[in-house]
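Dumped start_17.pdb below, it's PDB, C-alpha atoms:
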ATOM      1  CA  ARG P 117     -95.455 -52.523 -47.223
ATOM      2  CA  ASP P 118     -94.539 -48.867 -47.616
ATOM      3  CA  THR P 119     -95.704 -47.271 -50.838
ATOM      4  CA  HIS P 120     -93.842 -44.295 -52.263
ATOM      5  CA  PRO P 121     -96.149 -41.230 -52.496
ATOM      6  CA  GLU P 122     -95.474 -40.846 -56.226
ATOM      7  CA  ILE P 123     -96.870 -44.341 -56.827
ATOM      8  CA  ILE P 124    -100.179 -43.251 -55.294
ATOM      9  CA  ARG P 125    -100.118 -40.030 -57.348
ATOM     10  CA  MET P 126     -99.419 -42.054 -60.489
ATOM     11  CA  LEU P 127    -102.358 -44.322 -59.662
ATOM     12  CA  MET P 128    -104.690 -41.337 -59.179
ATOM     13  CA  ILE P 129    -103.713 -39.574 -62.410
ATOM     14  CA  SER P 130    -103.710 -42.712 -64.557
ATOM     15  CA  SER P 131    -107.506 -42.468 -64.699
ATOM     16  CA  HIS P 132    -109.537 -39.492 -65.855
ATOM     17  CA  TYR P 133    -110.798 -37.491 -62.881
ATOM     18  CA  ARG P 134    -114.411 -38.269 -63.856
ATOM     19  CA  SER P 135    -113.739 -42.024 -63.880
ATOM     20  CA  PRO P 136    -113.641 -44.362 -60.875
ATOM     21  CA  ILE P 137    -110.168 -45.218 -59.596
ATOM     22  CA  ASP P 138    -109.228 -48.888 -59.354
ATOM     23  CA  TYR P 139    -107.347 -48.992 -56.061
ATOM     24  CA  SER P 140    -106.109 -52.568 -55.889
ATOM     25  CA  PRO P 141    -102.735 -54.252 -55.330
ATOM     26  CA  ALA P 142    -102.519 -54.897 -59.086
ATOM     27  CA  ALA P 143    -103.211 -51.226 -59.876
ATOM     28  CA  VAL P 144    -100.576 -50.107 -57.349
ATOM     29  CA  ASP P 145     -98.073 -52.528 -58.909
ATOM     30  CA  ALA P 146     -98.887 -51.214 -62.402
ATOM     31  CA  SER P 147     -98.339 -47.614 -61.225
ATOM     32  CA  ARG P 148     -95.062 -48.627 -59.602
ATOM     33  CA  ALA P 149     -93.915 -50.356 -62.818
ATOM     34  CA  GLY P 150     -94.823 -47.291 -64.908
ATOM     35  CA  LEU P 151     -92.895 -44.947 -62.636
ATOM     36  CA  VAL P 152     -89.890 -47.258 -62.543
ATOM     37  CA  ARG P 153     -89.906 -47.289 -66.355
ATOM     38  CA  PHE P 154     -89.938 -43.453 -66.470
ATOM     39  CA  TYR P 155     -87.169 -43.175 -63.877
ATOM     40  CA  GLU P 156     -85.046 -45.822 -65.646
ATOM     41  CA  MET P 157     -85.235 -43.747 -68.837
ATOM     42  CA  LEU P 158     -84.232 -40.581 -66.941
ATOM     43  CA  ASP P 159     -81.360 -42.464 -65.285
ATOM     44  CA  ARG P 160     -80.143 -43.610 -68.720
ATOM     45  CA  VAL P 161     -80.155 -40.000 -69.938
ATOM     46  CA  ASN P 162     -78.261 -38.897 -66.814
ATOM     47  CA  HIS P 163     -75.558 -41.519 -67.425
ATOM     48  CA  ALA P 164     -75.282 -40.945 -71.196
ATOM     49  CA  ARG P 165     -72.121 -39.369 -72.608
ATOM     50  CA  GLU P 166     -72.515 -35.759 -73.713
ATOM     51  CA  THR P 167     -70.711 -36.309 -77.014
ATOM     52  CA  ALA P 168     -73.487 -36.088 -79.622
ATOM     53  CA  HIS P 169     -72.885 -33.486 -82.348
ATOM     54  CA  ALA P 170     -76.559 -32.537 -82.600
ATOM     55  CA  PRO P 171     -79.590 -32.820 -80.308
ATOM     56  CA  ARG P 172     -81.296 -36.214 -80.551
ATOM     57  CA  LEU P 173     -83.740 -36.116 -77.622
ATOM     58  CA  ALA P 174     -84.766 -32.439 -77.701
ATOM     59  CA  PRO P 175     -86.990 -32.902 -80.805
ATOM     60  CA  LEU P 176     -88.725 -35.833 -79.055
ATOM     61  CA  VAL P 177     -89.377 -33.680 -75.973
ATOM     62  CA  GLU P 178     -90.741 -30.891 -78.189
ATOM     63  CA  SER P 179     -93.193 -33.313 -79.806
ATOM     64  CA  PHE P 180     -94.119 -34.715 -76.377
ATOM     65  CA  THR P 181     -94.802 -31.223 -75.002
ATOM     66  CA  ALA P 182     -97.348 -30.537 -77.751
ATOM     67  CA  GLY P 183     -99.152 -33.836 -77.051
ATOM     68  CA  PHE P 184     -98.997 -33.325 -73.283
ATOM     69  CA  ASP P 185    -100.431 -29.801 -73.504
ATOM     70  CA  GLU P 186    -103.179 -31.042 -75.805
ATOM     71  CA  ALA P 187    -104.088 -33.785 -73.300
ATOM     72  CA  MET P 188    -104.200 -31.372 -70.375
ATOM     73  CA  CYS P 189    -106.349 -28.919 -72.361
ATOM     74  CA  ASP P 190    -108.729 -31.804 -73.153
ATOM     75  CA  ASP P 191    -110.660 -31.604 -69.859
ATOM     76  CA  PHE P 192    -107.516 -32.297 -67.787
ATOM     77  CA  ASN P 193    -107.039 -35.704 -69.413
ATOM     78  CA  THR P 194    -104.235 -36.964 -67.167
ATOM     79  CA  ALA P 195    -104.626 -40.547 -68.410
ATOM     80  CA  ARG P 196    -103.737 -39.351 -71.917
ATOM     81  CA  ALA P 197    -100.904 -37.236 -70.495
ATOM     82  CA  ILE P 198     -99.433 -40.370 -68.848
ATOM     83  CA  ALA P 199     -99.746 -42.178 -72.194
ATOM     84  CA  GLU P 200     -97.718 -39.326 -73.763
ATOM     85  CA  ILE P 201     -94.974 -39.871 -71.145
ATOM     86  CA  HIS P 202     -94.937 -43.594 -72.011
ATOM     87  CA  THR P 203     -94.598 -42.708 -75.718
ATOM     88  CA  LEU P 204     -91.708 -40.318 -74.995
ATOM     89  CA  THR P 205     -90.020 -42.931 -72.775
ATOM     90  CA  THR P 206     -90.180 -45.522 -75.577
ATOM     91  CA  ALA P 207     -88.789 -43.022 -78.115
ATOM     92  CA  VAL P 208     -85.921 -41.903 -75.842
ATOM     93  CA  ASN P 209     -84.995 -45.516 -75.045
ATOM     94  CA  LYS P 210     -84.884 -46.341 -78.774
ATOM     95  CA  VAL P 211     -82.523 -43.425 -79.427
ATOM     96  CA  LEU P 212     -80.274 -44.432 -76.502
ATOM     97  CA  ASP P 213     -80.297 -48.080 -77.629
ATOM     98  CA  GLN P 214     -78.740 -46.922 -80.927
ATOM     99  CA  ASP P 215     -76.132 -44.686 -79.278
ATOM    100  CA  GLN P 216     -75.645 -43.657 -75.638
ATOM    101  CA  ALA P 217     -74.490 -40.146 -76.636
ATOM    102  CA  VAL P 218     -76.559 -37.029 -75.924
ATOM    103  CA  HIS P 219     -76.132 -33.314 -76.634
ATOM    104  CA  ALA P 220     -76.187 -30.498 -74.048
ATOM    105  CA  ASP P 221     -79.507 -29.368 -75.567
ATOM    106  CA  ASP P 222     -80.894 -32.863 -74.898
ATOM    107  CA  ARG P 223     -80.063 -32.580 -71.203
ATOM    108  CA  ALA P 224     -81.685 -29.134 -71.028
ATOM    109  CA  ALA P 225     -84.807 -30.438 -72.814
ATOM    110  CA  MET P 226     -85.062 -33.422 -70.456
ATOM    111  CA  GLN P 227     -84.677 -31.154 -67.413
ATOM    112  CA  ALA P 228     -87.478 -28.946 -68.754
ATOM    113  CA  PHE P 229     -89.610 -32.076 -69.317
ATOM    114  CA  VAL P 230     -89.042 -33.286 -65.740
ATOM    115  CA  SER P 231     -89.754 -29.839 -64.316
ATOM    116  CA  ARG P 232     -93.006 -29.599 -66.274
ATOM    117  CA  ILE P 233     -94.192 -33.079 -65.250
ATOM    118  CA  SER P 234     -93.352 -32.569 -61.582
ATOM    119  CA  ASP P 235     -95.052 -29.134 -61.551
ATOM    120  CA  VAL P 236     -98.232 -30.330 -63.258
ATOM    121  CA  LEU P 237     -98.602 -33.966 -62.163
ATOM    122  CA  GLY P 238     -96.461 -34.223 -59.021
ATOM    123  CA  ILE P 239     -94.375 -37.158 -60.257
ATOM    124  CA  LEU P 240     -90.707 -37.503 -61.325
ATOM    125  CA  GLU P 241     -89.652 -35.249 -58.435
ATOM    126  CA  ASP P 242     -86.986 -37.623 -57.052
ATOM    127  CA  ASP P 243     -83.425 -38.184 -58.211
ATOM    128  CA  PRO P 244     -83.740 -41.110 -60.665
ATOM    129  CA  ALA P 245     -80.888 -43.184 -59.193
ATOM    130  CA  ALA P 246     -82.170 -42.683 -55.620
ATOM    131  CA  PHE P 247     -85.754 -43.550 -56.608
ATOM    132  CA  LEU P 248     -84.667 -46.714 -58.426
ATOM    133  CA  GLU P 249     -82.499 -47.783 -55.487
ATOM    134  CA  GLN P 250     -85.418 -47.233 -53.099
ATOM    135  CA  MET P 251     -87.771 -49.259 -55.336
ATOM    136  CA  LYS P 252     -85.213 -52.039 -55.545
ATOM    137  CA  HIS P 253     -84.992 -52.335 -51.788
ATOM    138  CA  SER P 254     -88.612 -51.634 -50.846
ATOM    139  CA  GLY P 255     -90.525 -54.769 -50.125
ATOM    140  CA  VAL P 256     -87.438 -57.021 -50.101
ATOM    141  CA  SER P 257     -88.648 -58.475 -46.774
ATOM    142  CA  ALA P 258     -91.748 -59.750 -48.597
ATOM    143  CA  THR P 259     -89.489 -62.057 -50.621
ATOM    144  CA  GLY P 260     -88.378 -63.941 -47.500
ATOM    145  CA  LEU P 261     -84.740 -63.220 -48.427
ATOM    146  CA  SER P 262     -82.312 -60.605 -47.165
ATOM    147  CA  GLU P 263     -80.354 -58.452 -49.616
ATOM    148  CA  SER P 264     -77.155 -60.336 -48.710
ATOM    149  CA  GLU P 265     -78.900 -63.664 -49.448
ATOM    150  CA  ILE P 266     -80.051 -62.326 -52.826
ATOM    151  CA  ASP P 267     -76.522 -61.101 -53.602
ATOM    152  CA  GLY P 268     -75.139 -64.507 -52.516
ATOM    153  CA  LEU P 269     -77.512 -66.347 -54.854
ATOM    154  CA  ILE P 270     -76.543 -64.018 -57.706
ATOM    155  CA  ALA P 271     -72.855 -64.759 -57.021
ATOM    156  CA  GLU P 272     -73.630 -68.503 -56.996
ATOM    157  CA  ARG P 273     -75.513 -68.135 -60.303
ATOM    158  CA  THR P 274     -72.601 -66.182 -61.838
ATOM    159  CA  ALA P 275     -70.187 -68.949 -60.772
ATOM    160  CA  ALA P 276     -72.532 -71.609 -62.208
ATOM    161  CA  ARG P 277     -72.687 -69.730 -65.527
ATOM    162  CA  LYS P 278     -68.887 -69.462 -65.675
ATOM    163  CA  ALA P 279     -68.683 -73.220 -65.034
ATOM    164  CA  LYS P 280     -71.283 -73.720 -67.813
ATOM    165  CA  ASP P 281     -73.696 -75.272 -65.267
ATOM    166  CA  PHE P 282     -76.709 -73.654 -66.952
ATOM    167  CA  LYS P 283     -79.160 -75.959 -65.178
ATOM    168  CA  ARG P 284     -78.134 -74.578 -61.765
ATOM    169  CA  SER P 285     -77.977 -71.038 -63.159
ATOM    170  CA  ASP P 286     -81.560 -71.346 -64.446
ATOM    171  CA  GLU P 287     -82.743 -72.891 -61.145
ATOM    172  CA  ILE P 288     -81.437 -69.894 -59.189
ATOM    173  CA  ARG P 289     -82.945 -67.404 -61.643
ATOM    174  CA  ASP P 290     -86.322 -69.196 -61.548
ATOM    175  CA  MET P 291     -86.291 -69.448 -57.749
ATOM    176  CA  LEU P 292     -85.597 -65.720 -57.404
ATOM    177  CA  LYS P 293     -88.259 -64.930 -60.008
ATOM    178  CA  ALA P 294     -90.805 -66.966 -58.014
ATOM    179  CA  LYS P 295     -89.981 -64.790 -54.998
ATOM    180  CA  GLY P 296     -90.585 -61.592 -56.994
ATOM    181  CA  ILE P 297     -86.981 -60.773 -57.889
ATOM    182  CA  GLN P 298     -86.125 -60.077 -61.534
ATOM    183  CA  LEU P 299     -82.491 -60.484 -62.618
ATOM    184  CA  LYS P 300     -80.970 -58.324 -65.346
ATOM    185  CA  ASP P 301     -77.740 -59.514 -66.937
ATOM    186  CA  THR P 302     -75.618 -56.601 -68.151
ATOM    187  CA  PRO P 303     -72.079 -56.362 -69.547
ATOM    188  CA  THR P 304     -70.934 -55.119 -66.109
ATOM    189  CA  GLY P 305     -72.656 -57.890 -64.128
ATOM    190  CA  THR P 306     -76.052 -59.006 -62.902
ATOM    191  CA  THR P 307     -78.399 -56.567 -61.170
ATOM    192  CA  TRP P 308     -81.788 -57.244 -59.616
ATOM    193  CA  GLU P 309     -85.063 -55.491 -58.917
ATOM    194  CA  ARG P 310     -88.370 -56.280 -57.273
ATOM    195  CA  THR P 311     -91.159 -57.151 -59.700
TER     196      THR P 311
END

How does the structure come out when it is put into structure tokens?
Amino acid sequence: RDTHPEIIRMLMISSHYRSPIDYSPAAVDASRAGLVRFYEMLDRVNHARETAHAPRLAPLVESFTAGFDEAMCDDFNTARAIAEIHTLTTAVNKVLDQDQAVHADDRAAMQAFVSRISDVLGILEDDPAAFLEQMKHSGVSATGLSESEIDGLIAERTAARKAKDFKRSDEIRDMLKAKGIQLKDTPTGTTWERT
């Protein structure tokens, strides 16, 4: 199946340049999952309300920048730099879990973060929503189901849940999971992604 170029870049920089690179399907999947996690965080920031009275993410980005620079000055330790991005992603998600509001300074700090990462590491260059949509649809043929079939099964599962037929609802979820499709139940409905 087609692999997004950033997934390959992520795979290459997840190991120190002096170390061997594990190029395997599992390693590619791990790189894909890491990138999806970063892009999901950026997408959350993009969709957050700009109503916070004070910056909440900017201080996190400032702390990240110090750690990132330290990693890059440590013999171009890209593996540690990626770990710093994971740490920032976790911290930003925690803040947004408490309150979806951001400040204008937070948006500016996140844009500076993305610009720095794309300039130095060559990842996070896509629009988050577009990247996530592409990842969702890439490799769907490998599941043996079309997107309309997946959407139909989700609609059937939603109807089963409304009718309190949890056995059928669980069967559909488990069947989709076995085919590599992860369901996410949200207040606005059920979404899906490839695992």

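Using all atoms listed in the file, the shortest contact distance between Thr194 in chain P and any of P:Ile270, P:Met128, P:Leu292, P:Leu176 is found at P:Met128.
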
Quick one: distance from CA of Gly296 in chain P to CA of Val152 in chain P in Å, one decimal? 15.4 Å

Exactly which residues make up the result of the PyMOL selection byres ((chain P and resi 298) around 6) on this file, given as a PyMOL selection string? chain P and resi 293+297+299+308-309

Near Ala224 in chain P, counting all atoms listed in the file, which residues have an atom at most 12 Å away, once you skip same-chain residues fewer than 3 positions from it, shown as a list in words? Val161, Asn162, Glu166, Pro171, Arg172, Leu173, Ala174, Pro175, Val177, Glu178, Val218, His219, Ala220, Asp221, Gln227, Ala228, Phe229, Val230 and Ser231 of chain P

For each of P:His202, P:Arg165, P:Lys283, P:Arg196, take the minimum atom-to-atom distance to Arg153 in chain P, counting all atoms listed in the file, then give the residue where this is smallest. P:His202

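Closest approach to Asp222 in chain P among P:Asn193, P:Thr167, P:Ser234, P:Ser131: P:Thr167, based on all atoms listed in the file.
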
Could you state the separation of CA of Tyr139 in chain P and CA of Ile124 in chain P in Å, given to one decimal place? 9.2 Å

Run through the PyMOL selection byres ((chain P and resi 256) around 12) on the given coordinates and return the selected residues as a ChimeraX atom specification. /P:117-118,249-255,257-266,292,295-298,308-311

Hey, which of P:Ile201, P:Phe247, P:Ala168, P:Thr306 ends up closest to Gly183 in chain P? Count all atoms listed in the file. P:Ile201

Tell me, as a count of residues only, which residues lie within 12 Å of Glu241 in chain P, counting all atoms listed in the file; anything in the same chain fewer than 2 positions away does not count. 26

My list of candidates is P:Ser130, P:Lys300, P:Ala217, P:Ser140. Which is closest to Ile198 in chain P when distances are computed with only C-alpha atoms? P:Ser130

Which distance in Å separates CA of Asp215 in chain P and CA of Pro303 in chain P, to one decimal? 15.7 Å
